[in-house]
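Raw target37.txt, compact mmCIF, C-alpha atoms:
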```
# COMPACT_ATOMS: atom_id res chain seq x y z
CA MET A 1 -2.68 24.61 1.94
CA ILE A 2 -3.21 21.10 3.31
CA SER A 3 0.50 20.71 4.03
CA THR A 4 0.57 23.83 6.23
CA GLY A 5 -2.39 22.60 8.27
CA VAL A 6 -0.90 19.13 8.70
CA ALA A 7 2.47 20.61 9.69
CA GLY A 8 0.83 22.78 12.37
CA TRP A 9 -1.21 19.85 13.69
CA MET A 10 1.93 17.70 13.90
CA ALA A 11 4.02 20.44 15.51
CA ALA A 12 1.45 20.77 18.30
CA ARG A 13 2.06 17.10 19.02
CA LYS A 14 5.85 17.43 18.77
CA LEU A 15 6.01 15.59 15.46
CA HIS A 16 8.09 16.94 12.57
CA TYR A 17 6.48 17.42 9.16
CA GLY A 18 9.71 16.22 7.56
CA TRP A 19 8.52 12.67 8.18
CA VAL A 20 5.41 13.33 6.05
CA VAL A 21 7.61 14.67 3.24
CA ALA A 22 9.87 11.64 3.64
CA ALA A 23 6.86 9.28 3.50
CA THR A 24 5.49 11.01 0.39
CA THR A 25 8.91 10.75 -1.23
CA PHE A 26 9.14 7.10 -0.19
CA LEU A 27 5.81 6.30 -1.89
CA THR A 28 6.71 8.33 -4.98
CA MET A 29 10.02 6.53 -5.40
CA LEU A 30 8.26 3.21 -4.78
CA ALA A 31 5.82 3.99 -7.60
CA THR A 32 8.46 5.12 -10.08
CA ALA A 33 10.57 2.12 -9.13
CA GLY A 34 7.64 -0.05 -10.11
CA ALA A 35 7.73 1.58 -13.54
CA MET A 36 11.46 0.91 -13.79
CA GLY A 37 11.03 -2.68 -12.68
CA SER A 38 8.27 -3.26 -15.23
CA ALA A 39 10.93 -3.57 -17.92
CA GLY A 40 12.00 -6.89 -16.43
CA VAL A 41 8.69 -8.58 -17.26
CA MET A 42 8.38 -7.04 -20.74
CA MET A 43 11.36 -8.55 -22.54
CA GLN A 44 9.96 -11.99 -23.31
CA PRO A 45 6.37 -10.79 -24.05
CA LEU A 46 7.68 -8.14 -26.47
CA HIS A 47 9.97 -10.70 -28.09
CA GLN A 48 7.06 -13.12 -28.53
CA GLU A 49 4.47 -10.55 -29.67
CA PHE A 50 6.56 -8.53 -32.11
CA GLY A 51 9.51 -10.85 -32.84
CA TRP A 52 11.98 -8.19 -31.73
CA ASP A 53 15.48 -9.45 -30.92
CA ILE A 54 16.45 -9.52 -27.23
CA ALA A 55 19.51 -7.39 -28.04
CA ASP A 56 17.28 -4.70 -29.62
CA ILE A 57 14.95 -4.69 -26.62
CA SER A 58 17.98 -4.56 -24.30
CA THR A 59 19.28 -1.53 -26.21
CA ALA A 60 16.08 0.40 -25.51
CA MET A 61 16.27 -0.56 -21.84
CA ALA A 62 19.94 0.48 -21.77
CA VAL A 63 19.03 3.94 -23.12
CA ARG A 64 16.45 4.19 -20.33
CA LEU A 65 19.10 3.40 -17.74
CA VAL A 66 21.59 5.89 -19.21
CA LEU A 67 19.05 8.73 -19.14
CA PHE A 68 17.86 7.58 -15.72
CA GLY A 69 21.38 8.23 -14.48
CA LEU A 70 22.47 11.23 -16.56
CA LEU A 71 19.36 13.18 -15.52
CA GLY A 72 20.41 12.87 -11.86
CA PRO A 73 22.58 15.99 -11.56
CA PHE A 74 20.21 18.00 -13.74
CA ALA A 75 17.25 16.79 -11.67
CA ALA A 76 18.98 18.20 -8.59
CA ALA A 77 19.50 21.52 -10.39
CA PHE A 78 15.86 21.62 -11.53
CA MET A 79 14.68 20.88 -7.99
CA ASN A 80 16.81 23.74 -6.72
CA HIS A 81 15.42 26.05 -9.39
CA PHE A 82 11.76 25.07 -9.87
CA GLY A 83 11.07 23.25 -6.60
CA ILE A 84 10.73 19.58 -5.73
CA ARG A 85 6.95 19.38 -6.11
CA GLN A 86 6.85 20.88 -9.60
CA VAL A 87 9.70 18.73 -10.91
CA VAL A 88 8.37 15.49 -9.42
CA SER A 89 4.78 16.03 -10.61
CA THR A 90 6.02 16.77 -14.14
CA ALA A 91 8.18 13.65 -14.10
CA LEU A 92 5.31 11.46 -12.93
CA GLY A 93 3.20 12.80 -15.79
CA MET A 94 5.93 11.87 -18.28
CA ILE A 95 6.18 8.32 -16.96
CA VAL A 96 2.43 7.78 -17.18
CA PHE A 97 2.36 9.14 -20.73
CA GLY A 98 5.26 6.92 -21.80
CA ILE A 99 3.64 3.76 -20.39
CA VAL A 100 0.16 4.44 -21.78
CA ALA A 101 1.53 5.38 -25.22
CA SER A 102 3.56 2.15 -25.30
CA PHE A 103 0.29 0.17 -25.28
CA PHE A 104 -0.10 1.18 -28.93
CA MET A 105 3.47 0.75 -30.24
CA THR A 106 4.19 -1.52 -33.18
CA GLU A 107 7.83 -0.76 -34.06
CA VAL A 108 11.02 -1.18 -32.07
CA TRP A 109 11.94 2.51 -32.53
CA GLN A 110 8.76 3.37 -30.62
CA LEU A 111 10.00 1.21 -27.75
CA LEU A 112 13.28 3.12 -27.88
CA LEU A 113 11.48 6.48 -27.85
CA LEU A 114 8.90 5.72 -25.16
CA TRP A 115 10.72 3.37 -22.79
CA GLY A 116 14.22 4.56 -23.62
CA VAL A 117 13.73 8.34 -23.75
CA VAL A 118 10.40 9.43 -22.23
CA ILE A 119 10.33 6.99 -19.32
CA GLY A 120 14.11 7.26 -18.94
CA VAL A 121 13.85 11.04 -18.45
CA GLY A 122 10.80 10.81 -16.19
CA THR A 123 12.28 8.19 -13.87
CA GLY A 124 15.63 9.99 -13.93
CA MET A 125 13.97 13.05 -12.43
CA THR A 126 12.60 10.97 -9.53
CA ALA A 127 15.58 8.70 -8.93
CA LEU A 128 17.83 8.43 -5.86
CA VAL A 129 18.79 12.10 -6.23
CA LEU A 130 15.24 12.96 -5.13
CA GLY A 131 15.70 10.99 -1.93
CA ALA A 132 19.12 12.51 -1.30
CA THR A 133 17.74 16.03 -1.87
CA VAL A 134 14.80 15.55 0.50
CA ALA A 135 17.01 13.96 3.17
CA THR A 136 19.59 16.76 2.92
CA ARG A 137 17.04 19.57 3.04
CA TRP A 138 14.65 18.24 5.66
CA PHE A 139 16.93 16.29 8.02
CA SER A 140 20.05 17.26 9.93
CA LYS A 141 19.84 14.31 12.32
CA ARG A 142 18.83 10.82 11.13
CA ARG A 143 19.87 11.71 7.59
CA GLY A 144 21.57 8.37 6.98
CA LEU A 145 18.46 6.52 8.15
CA VAL A 146 16.21 8.59 5.87
CA ILE A 147 18.50 8.00 2.89
CA GLY A 148 18.39 4.30 3.68
CA LEU A 149 14.58 4.37 3.68
CA MET A 150 14.45 6.26 0.37
CA THR A 151 16.96 3.94 -1.23
CA ALA A 152 15.07 0.90 0.03
CA SER A 153 11.83 2.19 -1.52
CA ASN A 154 13.51 2.75 -4.88
CA ALA A 155 15.29 -0.58 -5.04
CA THR A 156 12.69 -2.74 -3.31
CA GLY A 157 9.88 -1.27 -5.40
CA GLN A 158 11.65 -2.40 -8.55
CA LEU A 159 11.82 -5.93 -7.19
CA VAL A 160 8.63 -6.46 -5.19
CA PHE A 161 6.36 -5.26 -8.00
CA LEU A 162 7.73 -7.92 -10.31
CA PRO A 163 5.87 -11.04 -9.07
CA LEU A 164 2.49 -9.31 -9.36
CA LEU A 165 3.36 -7.79 -12.74
CA ALA A 166 4.67 -11.14 -13.98
CA ALA A 167 1.49 -12.92 -12.86
CA LEU A 168 -0.74 -10.30 -14.51
CA THR A 169 1.37 -10.45 -17.67
CA GLU A 170 1.06 -14.23 -17.83
CA ALA A 171 -2.69 -14.16 -17.21
CA TYR A 172 -3.85 -11.01 -19.02
CA GLY A 173 -0.91 -9.62 -21.00
CA TRP A 174 1.74 -6.98 -20.39
CA ARG A 175 -0.59 -4.04 -21.10
CA THR A 176 -2.94 -5.03 -18.26
CA ALA A 177 0.03 -5.48 -15.93
CA LEU A 178 1.37 -2.03 -16.72
CA SER A 179 -2.08 -0.52 -16.10
CA LEU A 180 -1.56 -1.35 -12.42
CA THR A 181 1.70 0.61 -12.50
CA VAL A 182 -0.14 3.59 -14.01
CA ALA A 183 -2.72 3.49 -11.19
CA VAL A 184 -0.01 3.52 -8.50
CA LEU A 185 1.74 6.42 -10.24
CA ALA A 186 -1.54 8.37 -10.25
CA ILE A 187 -1.86 7.93 -6.48
CA ALA A 188 1.72 9.15 -6.01
CA PHE A 189 1.00 12.17 -8.23
CA THR A 190 -1.96 13.15 -6.01
CA LEU A 191 0.07 12.84 -2.81
CA VAL A 192 2.87 14.97 -4.22
CA LEU A 193 0.46 17.78 -5.10
CA LEU A 194 -1.18 17.68 -1.66
CA LEU A 195 1.71 17.07 0.73
CA MET A 196 5.09 17.80 -0.85
CA ARG A 197 6.86 21.04 0.10
CA ASP A 198 10.29 22.18 -1.04
CA HIS A 199 11.90 23.36 2.23
CA PRO A 200 11.13 23.13 5.97
CA ALA A 201 10.85 26.93 6.00
CA ASP A 202 7.84 26.63 3.66
CA VAL A 203 5.82 25.32 6.60
CA GLY A 204 7.61 27.44 9.22
CA LEU A 205 9.91 24.73 10.55
CA PRO A 206 13.65 24.17 10.97
CA ALA A 207 15.16 21.00 9.52
CA TYR A 208 14.73 17.95 11.74
CA GLY A 209 17.45 18.04 14.38
CA GLU A 210 17.98 21.83 14.15
CA THR A 211 16.49 24.67 16.18
CA THR A 212 16.81 27.59 13.75
CA ILE A 213 14.68 28.04 10.64
CA SER A 214 16.96 28.46 7.63
CA LYS A 215 15.71 30.47 4.69
CA PRO A 216 15.88 28.65 1.34
CA PRO A 217 18.94 29.78 -0.65
CA THR A 218 18.27 32.45 -3.24
CA GLN A 219 18.23 30.92 -6.70
CA ASP A 220 19.30 32.55 -9.97
CA HIS A 221 16.16 32.29 -12.07
CA LYS A 222 18.00 32.22 -15.40
CA LEU A 223 17.32 28.84 -16.99
CA LEU A 224 20.74 28.66 -18.64
CA THR A 225 22.39 29.15 -15.26
CA THR A 226 20.27 26.33 -13.86
CA LEU A 227 21.22 24.02 -16.72
CA ALA A 228 24.89 24.92 -16.34
CA SER A 229 25.04 24.42 -12.56
CA PRO A 230 25.55 20.62 -12.71
CA LEU A 231 28.40 21.13 -15.18
CA VAL A 232 29.92 23.79 -12.91
CA ALA A 233 29.64 21.39 -9.97
CA LEU A 234 31.27 18.61 -12.02
CA LYS A 235 34.15 20.89 -12.99
CA GLY A 236 34.64 21.82 -9.35
CA VAL A 237 34.97 18.22 -8.16
CA SER A 238 36.61 16.69 -11.22
CA GLY A 239 40.06 17.11 -9.71
CA SER A 240 39.11 15.25 -6.56
CA PRO A 241 40.23 11.59 -6.26
CA VAL A 242 37.34 11.05 -3.83
CA PHE A 243 34.82 11.92 -6.54
CA TRP A 244 36.33 9.51 -9.06
CA VAL A 245 36.50 6.67 -6.54
CA LEU A 246 32.83 7.21 -5.72
CA PHE A 247 31.94 7.54 -9.41
CA GLY A 248 33.87 4.40 -10.38
CA THR A 249 32.58 2.24 -7.56
CA PHE A 250 29.02 3.38 -8.21
CA PHE A 251 29.51 2.46 -11.89
CA ILE A 252 30.25 -1.04 -10.64
CA CYS A 253 27.27 -0.86 -8.29
CA GLY A 254 24.95 -0.28 -11.28
CA LEU A 255 26.79 -2.89 -13.34
CA SER A 256 26.10 -5.52 -10.70
CA THR A 257 22.49 -4.67 -9.76
CA ASN A 258 19.67 -3.17 -11.80
CA GLY A 259 21.44 -3.31 -15.15
CA LEU A 260 22.16 -7.03 -14.80
CA ILE A 261 19.93 -8.78 -12.28
CA GLN A 262 16.85 -6.58 -12.41
CA THR A 263 16.79 -6.34 -16.21
CA HIS A 264 17.77 -9.91 -17.12
CA TRP A 265 16.84 -12.00 -14.08
CA ILE A 266 13.69 -13.58 -15.55
CA SER A 267 15.56 -14.47 -18.73
CA ILE A 268 18.52 -15.82 -16.73
CA CYS A 269 16.26 -18.09 -14.70
CA GLY A 270 14.36 -19.07 -17.86
CA ASP A 271 17.58 -20.63 -19.16
CA PHE A 272 17.32 -23.08 -16.24
CA GLY A 273 13.67 -23.91 -16.90
CA MET A 274 12.19 -21.57 -14.31
CA ALA A 275 8.78 -19.98 -15.02
CA ALA A 276 8.60 -16.17 -15.17
CA VAL A 277 6.33 -15.88 -12.13
CA THR A 278 8.64 -18.10 -10.05
CA ALA A 279 11.70 -16.12 -11.14
CA ALA A 280 9.96 -12.85 -10.30
CA GLY A 281 9.08 -14.29 -6.89
CA THR A 282 12.76 -15.00 -6.25
CA LEU A 283 13.57 -11.43 -7.20
CA ALA A 284 10.93 -10.25 -4.73
CA VAL A 285 12.69 -12.23 -1.98
CA ILE A 286 15.88 -10.36 -2.91
CA GLY A 287 13.85 -7.16 -2.59
CA ILE A 288 12.63 -8.05 0.89
CA PHE A 289 16.15 -8.70 2.14
CA ASP A 290 17.29 -5.55 0.36
CA PHE A 291 14.68 -3.52 2.26
CA VAL A 292 16.09 -4.73 5.57
CA GLY A 293 19.71 -4.43 4.47
CA THR A 294 19.43 -0.92 3.06
CA ILE A 295 17.62 0.52 6.07
CA PHE A 296 20.23 -1.11 8.30
CA ALA A 297 22.96 0.36 6.08
CA GLY A 298 21.43 3.82 6.51
CA TRP A 299 21.28 3.39 10.29
CA ILE A 300 24.83 2.05 10.57
CA SER A 301 26.27 4.68 8.20
CA ASP A 302 25.44 7.33 10.84
CA ARG A 303 27.69 5.45 13.28
CA TYR A 304 30.63 3.75 11.57
CA ASP A 305 33.40 4.33 9.03
CA ASN A 306 31.59 4.32 5.69
CA ARG A 307 34.67 3.12 3.78
CA ILE A 308 34.70 -0.15 5.71
CA LEU A 309 30.97 -0.58 5.21
CA LEU A 310 31.41 -0.19 1.44
CA PHE A 311 34.30 -2.67 1.49
CA TRP A 312 32.05 -5.35 2.97
CA PHE A 313 29.02 -4.48 0.85
CA TYR A 314 30.87 -4.64 -2.47
CA GLY A 315 32.92 -7.68 -1.43
CA LEU A 316 29.94 -9.78 -0.37
CA ARG A 317 27.98 -8.79 -3.48
CA GLY A 318 30.87 -9.81 -5.72
CA LEU A 319 31.26 -13.18 -4.05
CA SER A 320 27.51 -13.85 -4.28
CA LEU A 321 27.46 -13.15 -8.05
CA ILE A 322 30.45 -15.41 -8.67
CA TYR A 323 28.81 -18.11 -6.55
CA LEU A 324 25.59 -17.82 -8.55
CA SER A 325 27.39 -18.22 -11.89
CA PHE A 326 28.75 -21.61 -10.80
CA SER A 327 25.55 -22.81 -9.11
CA GLY A 328 22.86 -25.01 -10.62
CA PHE A 329 20.05 -22.56 -9.78
CA SER A 330 18.46 -25.03 -7.39
CA THR A 331 16.03 -23.79 -4.73
CA ILE A 332 18.65 -23.97 -1.98
CA GLU A 333 21.34 -22.28 -4.07
CA LEU A 334 19.01 -19.47 -5.13
CA SER A 335 17.90 -19.00 -1.51
CA VAL A 336 21.51 -18.56 -0.38
CA PHE A 337 22.11 -16.08 -3.20
CA ALA A 338 18.90 -14.15 -2.48
CA ILE A 339 19.87 -13.62 1.16
CA PHE A 340 23.47 -12.48 0.70
CA TYR A 341 22.91 -10.57 -2.51
CA GLY A 342 19.65 -9.06 -1.31
CA LEU A 343 21.05 -7.72 1.94
CA ASP A 344 23.40 -5.40 0.05
CA TRP A 345 21.54 -4.88 -3.25
CA VAL A 346 21.84 -1.11 -2.80
CA ALA A 347 23.15 -0.91 0.75
CA THR A 348 26.04 0.96 -0.86
CA VAL A 349 23.92 4.11 -1.34
CA PRO A 350 23.72 5.54 2.23
CA PRO A 351 27.50 5.29 2.86
CA THR A 352 28.21 6.78 -0.60
CA VAL A 353 25.90 9.75 0.03
CA LYS A 354 27.46 10.27 3.46
CA ILE A 355 30.99 10.28 2.04
CA ALA A 356 29.94 12.75 -0.68
CA ALA A 357 28.34 15.09 1.89
CA GLU A 358 31.37 14.89 4.21
CA ASN A 359 33.82 15.69 1.42
CA PHE A 360 31.90 18.22 -0.70
CA GLY A 361 29.55 19.94 1.74
CA ARG A 362 25.82 20.03 2.34
CA GLU A 363 24.99 22.55 -0.40
CA LYS A 364 26.78 20.64 -3.16
CA ALA A 365 25.88 17.17 -1.93
CA SER A 366 22.84 16.60 -4.17
CA LEU A 367 24.60 17.81 -7.34
CA VAL A 368 27.75 15.78 -6.63
CA PHE A 369 25.72 12.68 -5.80
CA GLY A 370 23.79 13.28 -9.01
CA TRP A 371 27.01 12.81 -11.00
CA VAL A 372 28.02 9.81 -8.89
CA PHE A 373 24.60 8.31 -9.57
CA ALA A 374 25.12 8.99 -13.29
CA GLY A 375 28.10 6.65 -13.01
CA HIS A 376 25.80 4.07 -11.41
CA GLN A 377 23.41 4.16 -14.34
CA LEU A 378 26.16 4.12 -16.96
CA GLY A 379 27.29 0.91 -15.31
CA ALA A 380 23.70 -0.37 -15.32
CA ALA A 381 23.32 0.43 -19.02
CA THR A 382 26.60 -1.33 -19.76
CA ALA A 383 25.34 -4.46 -18.00
CA ALA A 384 21.88 -4.27 -19.61
CA PHE A 385 23.40 -4.17 -23.07
CA GLY A 386 26.40 -6.42 -22.36
CA ALA A 387 24.38 -9.21 -20.76
CA GLY A 388 21.96 -9.11 -23.69
CA TRP A 389 24.90 -9.34 -26.07
CA PHE A 390 26.31 -12.38 -24.26
CA LYS A 391 22.89 -14.03 -24.42
CA SER A 392 22.36 -13.28 -28.13
CA ASP A 393 25.86 -14.28 -29.27
CA TYR A 394 26.82 -17.02 -26.82
CA ASP A 395 23.41 -18.16 -25.50
CA THR A 396 24.48 -17.73 -21.85
CA TYR A 397 24.47 -15.07 -19.16
CA MET A 398 27.15 -16.67 -16.98
CA PRO A 399 30.13 -14.56 -18.19
CA ALA A 400 28.15 -11.39 -17.39
CA LEU A 401 27.60 -12.61 -13.82
CA GLN A 402 31.27 -13.48 -13.39
CA ILE A 403 32.52 -10.16 -14.77
CA ALA A 404 30.17 -8.23 -12.48
CA GLY A 405 31.34 -10.27 -9.49
CA VAL A 406 35.02 -9.59 -10.15
CA MET A 407 34.32 -5.89 -10.66
CA CYS A 408 32.60 -5.76 -7.25
CA LEU A 409 35.72 -7.20 -5.63
CA LEU A 410 37.78 -4.46 -7.30
CA ALA A 411 35.34 -1.85 -5.98
CA ALA A 412 35.78 -3.23 -2.46
CA VAL A 413 39.51 -2.61 -2.74
CA ALA A 414 39.07 0.83 -4.33
CA VAL A 415 36.98 2.31 -1.50
CA MET A 416 39.78 1.58 0.95
CA LEU A 417 41.96 4.01 -1.01
CA LEU A 418 39.85 6.87 0.32
CA LYS A 419 41.27 8.88 3.18
CA LYS A 420 39.96 7.83 6.56
CA PRO A 421 37.61 10.53 7.95
CA GLU A 422 38.96 12.08 11.15
CA ALA A 423 35.71 11.51 13.03
CA ALA A 424 34.92 8.13 11.51
CA THR A 425 36.18 4.96 13.15
CA MET A 426 34.78 1.54 13.70
CA ALA A 427 33.56 2.73 17.07
CA PRO A 428 30.07 4.21 17.17
CA GLN A 429 29.92 7.90 16.29
CA ALA A 430 27.74 10.48 17.99
CA ALA A 431 24.18 10.53 16.73
```
Can the structure from this file be put into structure tokens for me?
Amino acid sequence: MISTGVAGWMAARKLHYGWVVAATTFLTMLATAGAMGSAGVMMQPLHQEFGWDIADISTAMAVRLVLFGLLGPFAAAFMNHFGIRQVVSTALGMIVFGIVASFFMTEVWQLLLLWGVVIGVGTGMTALVLGATVATRWFSKRRGLVIGLMTASNATGQLVFLPLLAALTEAYGWRTALSLTVAVLAIAFTLVLLLMRDHPADVGLPAYGETTISKPPTQDHKLLTTLASPLVALKGVSGSPVFWVLFGTFFICGLSTNGLIQTHWISICGDFGMAAVTAAGTLAVIGIFDFVGTIFAGWISDRYDNRILLFWFYGLRGLSLIYLSFSGFSTIELSVFAIFYGLDWVATVPPTVKIAAENFGREKASLVFGWVFAGHQLGAATAAFGAGWFKSDYDTYMPALQIAGVMCLLAAVAVMLLKKPEAATMAPQAA
């Protein structure tokens, strides 16, 4: 196979093939994030073309976010059972089918089926759990950094694609814009087939940072056992206060990011007379700062107390949302918001994954984080629907921004209730 040859070539030059797997995962998550972010430029065109109510469109997008999150723990189980490459390639095929089929929809229930269910399931199978699984399997050292890179690709992809998609939508229509997303997904699909491997042992390597090759764990090949394993994992951690703090704070994380800002940002800015392309450009600026902030969060999470990092990340995000709700959306005010909000858009992910791994072990980490991520997407769905409801009934998004901001401040307090790790202090930890 190509991957075996590349791994051997790299090993001869003292390079680890794990970085190729990480890069392939990065590009895959970037592509699927583009599909997720496409929803942000579709709301107004769908409303104008079909006359569908914003609340109805928001409902379909909320279903997508719920499935995107709820599939997380099951995606981890499927990856353990069928392998990463098979699961990811199947998911990419579903996303492409859902997008192409939506070109021909004429009823709102078709939007619900294709964008809510099909694309929701497909993107859910390639969400942050994929990055956490790859980082856990392939990296012993630099795991926090790799998780930061994966998270940055997922979040930044959703934001940076928007200006181009918005410009294409304005010039040629939303179908042409989404055709670009399909092309990027096809490239990712090819790379997964050629380069993705499930475990370091598949190419005769130990995990990065280790010296011994570990055999992949033996899997029970009964499908029902695979489907039940996330539920078994949930039962095992349901009595842990740590799990519920992580779940609750990640609910707020989703409530204050992709469910609110990513989904409704163009409409929010439109209320202040801003063109869709300009609004999408502002969101791209947030994405650029997010890329820097999330990678930095991954690097620093390997070195400092992750509770304190989360305290600052949630606190600053909450203050930035409250500030935005009382601003006039001027260029200067939006620039200030984009910097502070962008730097910790999803900087909360690497510390959350690290805390989950420290408390529940390496083997269970992906399944536990899958359930924590489900909380994230339930929060996102709540914001996607709730913000749409505020807009439809009260003709304003400002209460949604203020509620999300206050909830972030509560999350900042909640993470400090976690027990301080014995080895984690605000002094640098060993690499």
Find the residues around Val20 of chain A up to 10 Å (all atoms listed in the file counted), leave out those fewer than 6 positions away in its own chain, and share them as a tab-separated table (two decimals) with C-alpha atoms, in the coordinates of the input.
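Wrote part.tsv, looks like this:
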```tsv
chain	number	residue	atom	x	y	z
A	3	SER	CA	0.50	20.71	4.03
A	6	VAL	CA	-0.90	19.13	8.70
A	7	ALA	CA	2.47	20.61	9.69
A	10	MET	CA	1.93	17.70	13.90
A	26	PHE	CA	9.14	7.10	-0.19
A	195	LEU	CA	1.71	17.07	0.73
A	196	MET	CA	5.09	17.80	-0.85
A	197	ARG	CA	6.86	21.04	0.10
```
Using only C-alpha atoms, determine which residues lie at most 9 Å from Leu128 of chain A, disregarding the query and same-chain residues fewer than 3 positions distant; provide the list as a list in words. Met29, Gly72, Gly124, Met125, Gly131, Ala132, Thr133, Ile147, Met150, Thr151, Asn154, Val349, Phe369, Gly370 and Phe373 of chain A
Output the selection as a PDB file, keeping the file's coordinate frame - C-alpha atoms for each residue.
```
ATOM      1  CA  MET A  29      10.020   6.530  -5.400  1.00  0.00           C
ATOM      2  CA  GLY A  72      20.410  12.870 -11.860  1.00  0.00           C
ATOM      3  CA  GLY A 124      15.630   9.990 -13.930  1.00  0.00           C
ATOM      4  CA  MET A 125      13.970  13.050 -12.430  1.00  0.00           C
ATOM      5  CA  GLY A 131      15.700  10.990  -1.930  1.00  0.00           C
ATOM      6  CA  ALA A 132      19.120  12.510  -1.300  1.00  0.00           C
ATOM      7  CA  THR A 133      17.740  16.030  -1.870  1.00  0.00           C
ATOM      8  CA  ILE A 147      18.500   8.000   2.890  1.00  0.00           C
ATOM      9  CA  MET A 150      14.450   6.260   0.370  1.00  0.00           C
ATOM     10  CA  THR A 151      16.960   3.940  -1.230  1.00  0.00           C
ATOM     11  CA  ASN A 154      13.510   2.750  -4.880  1.00  0.00           C
ATOM     12  CA  VAL A 349      23.920   4.110  -1.340  1.00  0.00           C
ATOM     13  CA  PHE A 369      25.720  12.680  -5.800  1.00  0.00           C
ATOM     14  CA  GLY A 370      23.790  13.280  -9.010  1.00  0.00           C
ATOM     15  CA  PHE A 373      24.600   8.310  -9.570  1.00  0.00           C
TER      16      PHE A 373
END
```
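Proximity of A:Thr396, A:Trp138, A:Ile99, A:Ala76 to Glu210 of chain A, computed with only C-alpha atoms, is greatest for A:Trp138.
Atom to atom, atom CA of Ser153 of chain A and atom CA of His376 of chain A stand 17.2 Å apart.
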Residues within 9 Å of segment 290-302 of chain A, all atoms listed in the file, excluding chain neighbours under 2 positions, as an MDAnalysis selection string: chainID A and resid 142:153 155:156 285:288 304:306 309 339 341:351 354 428:431
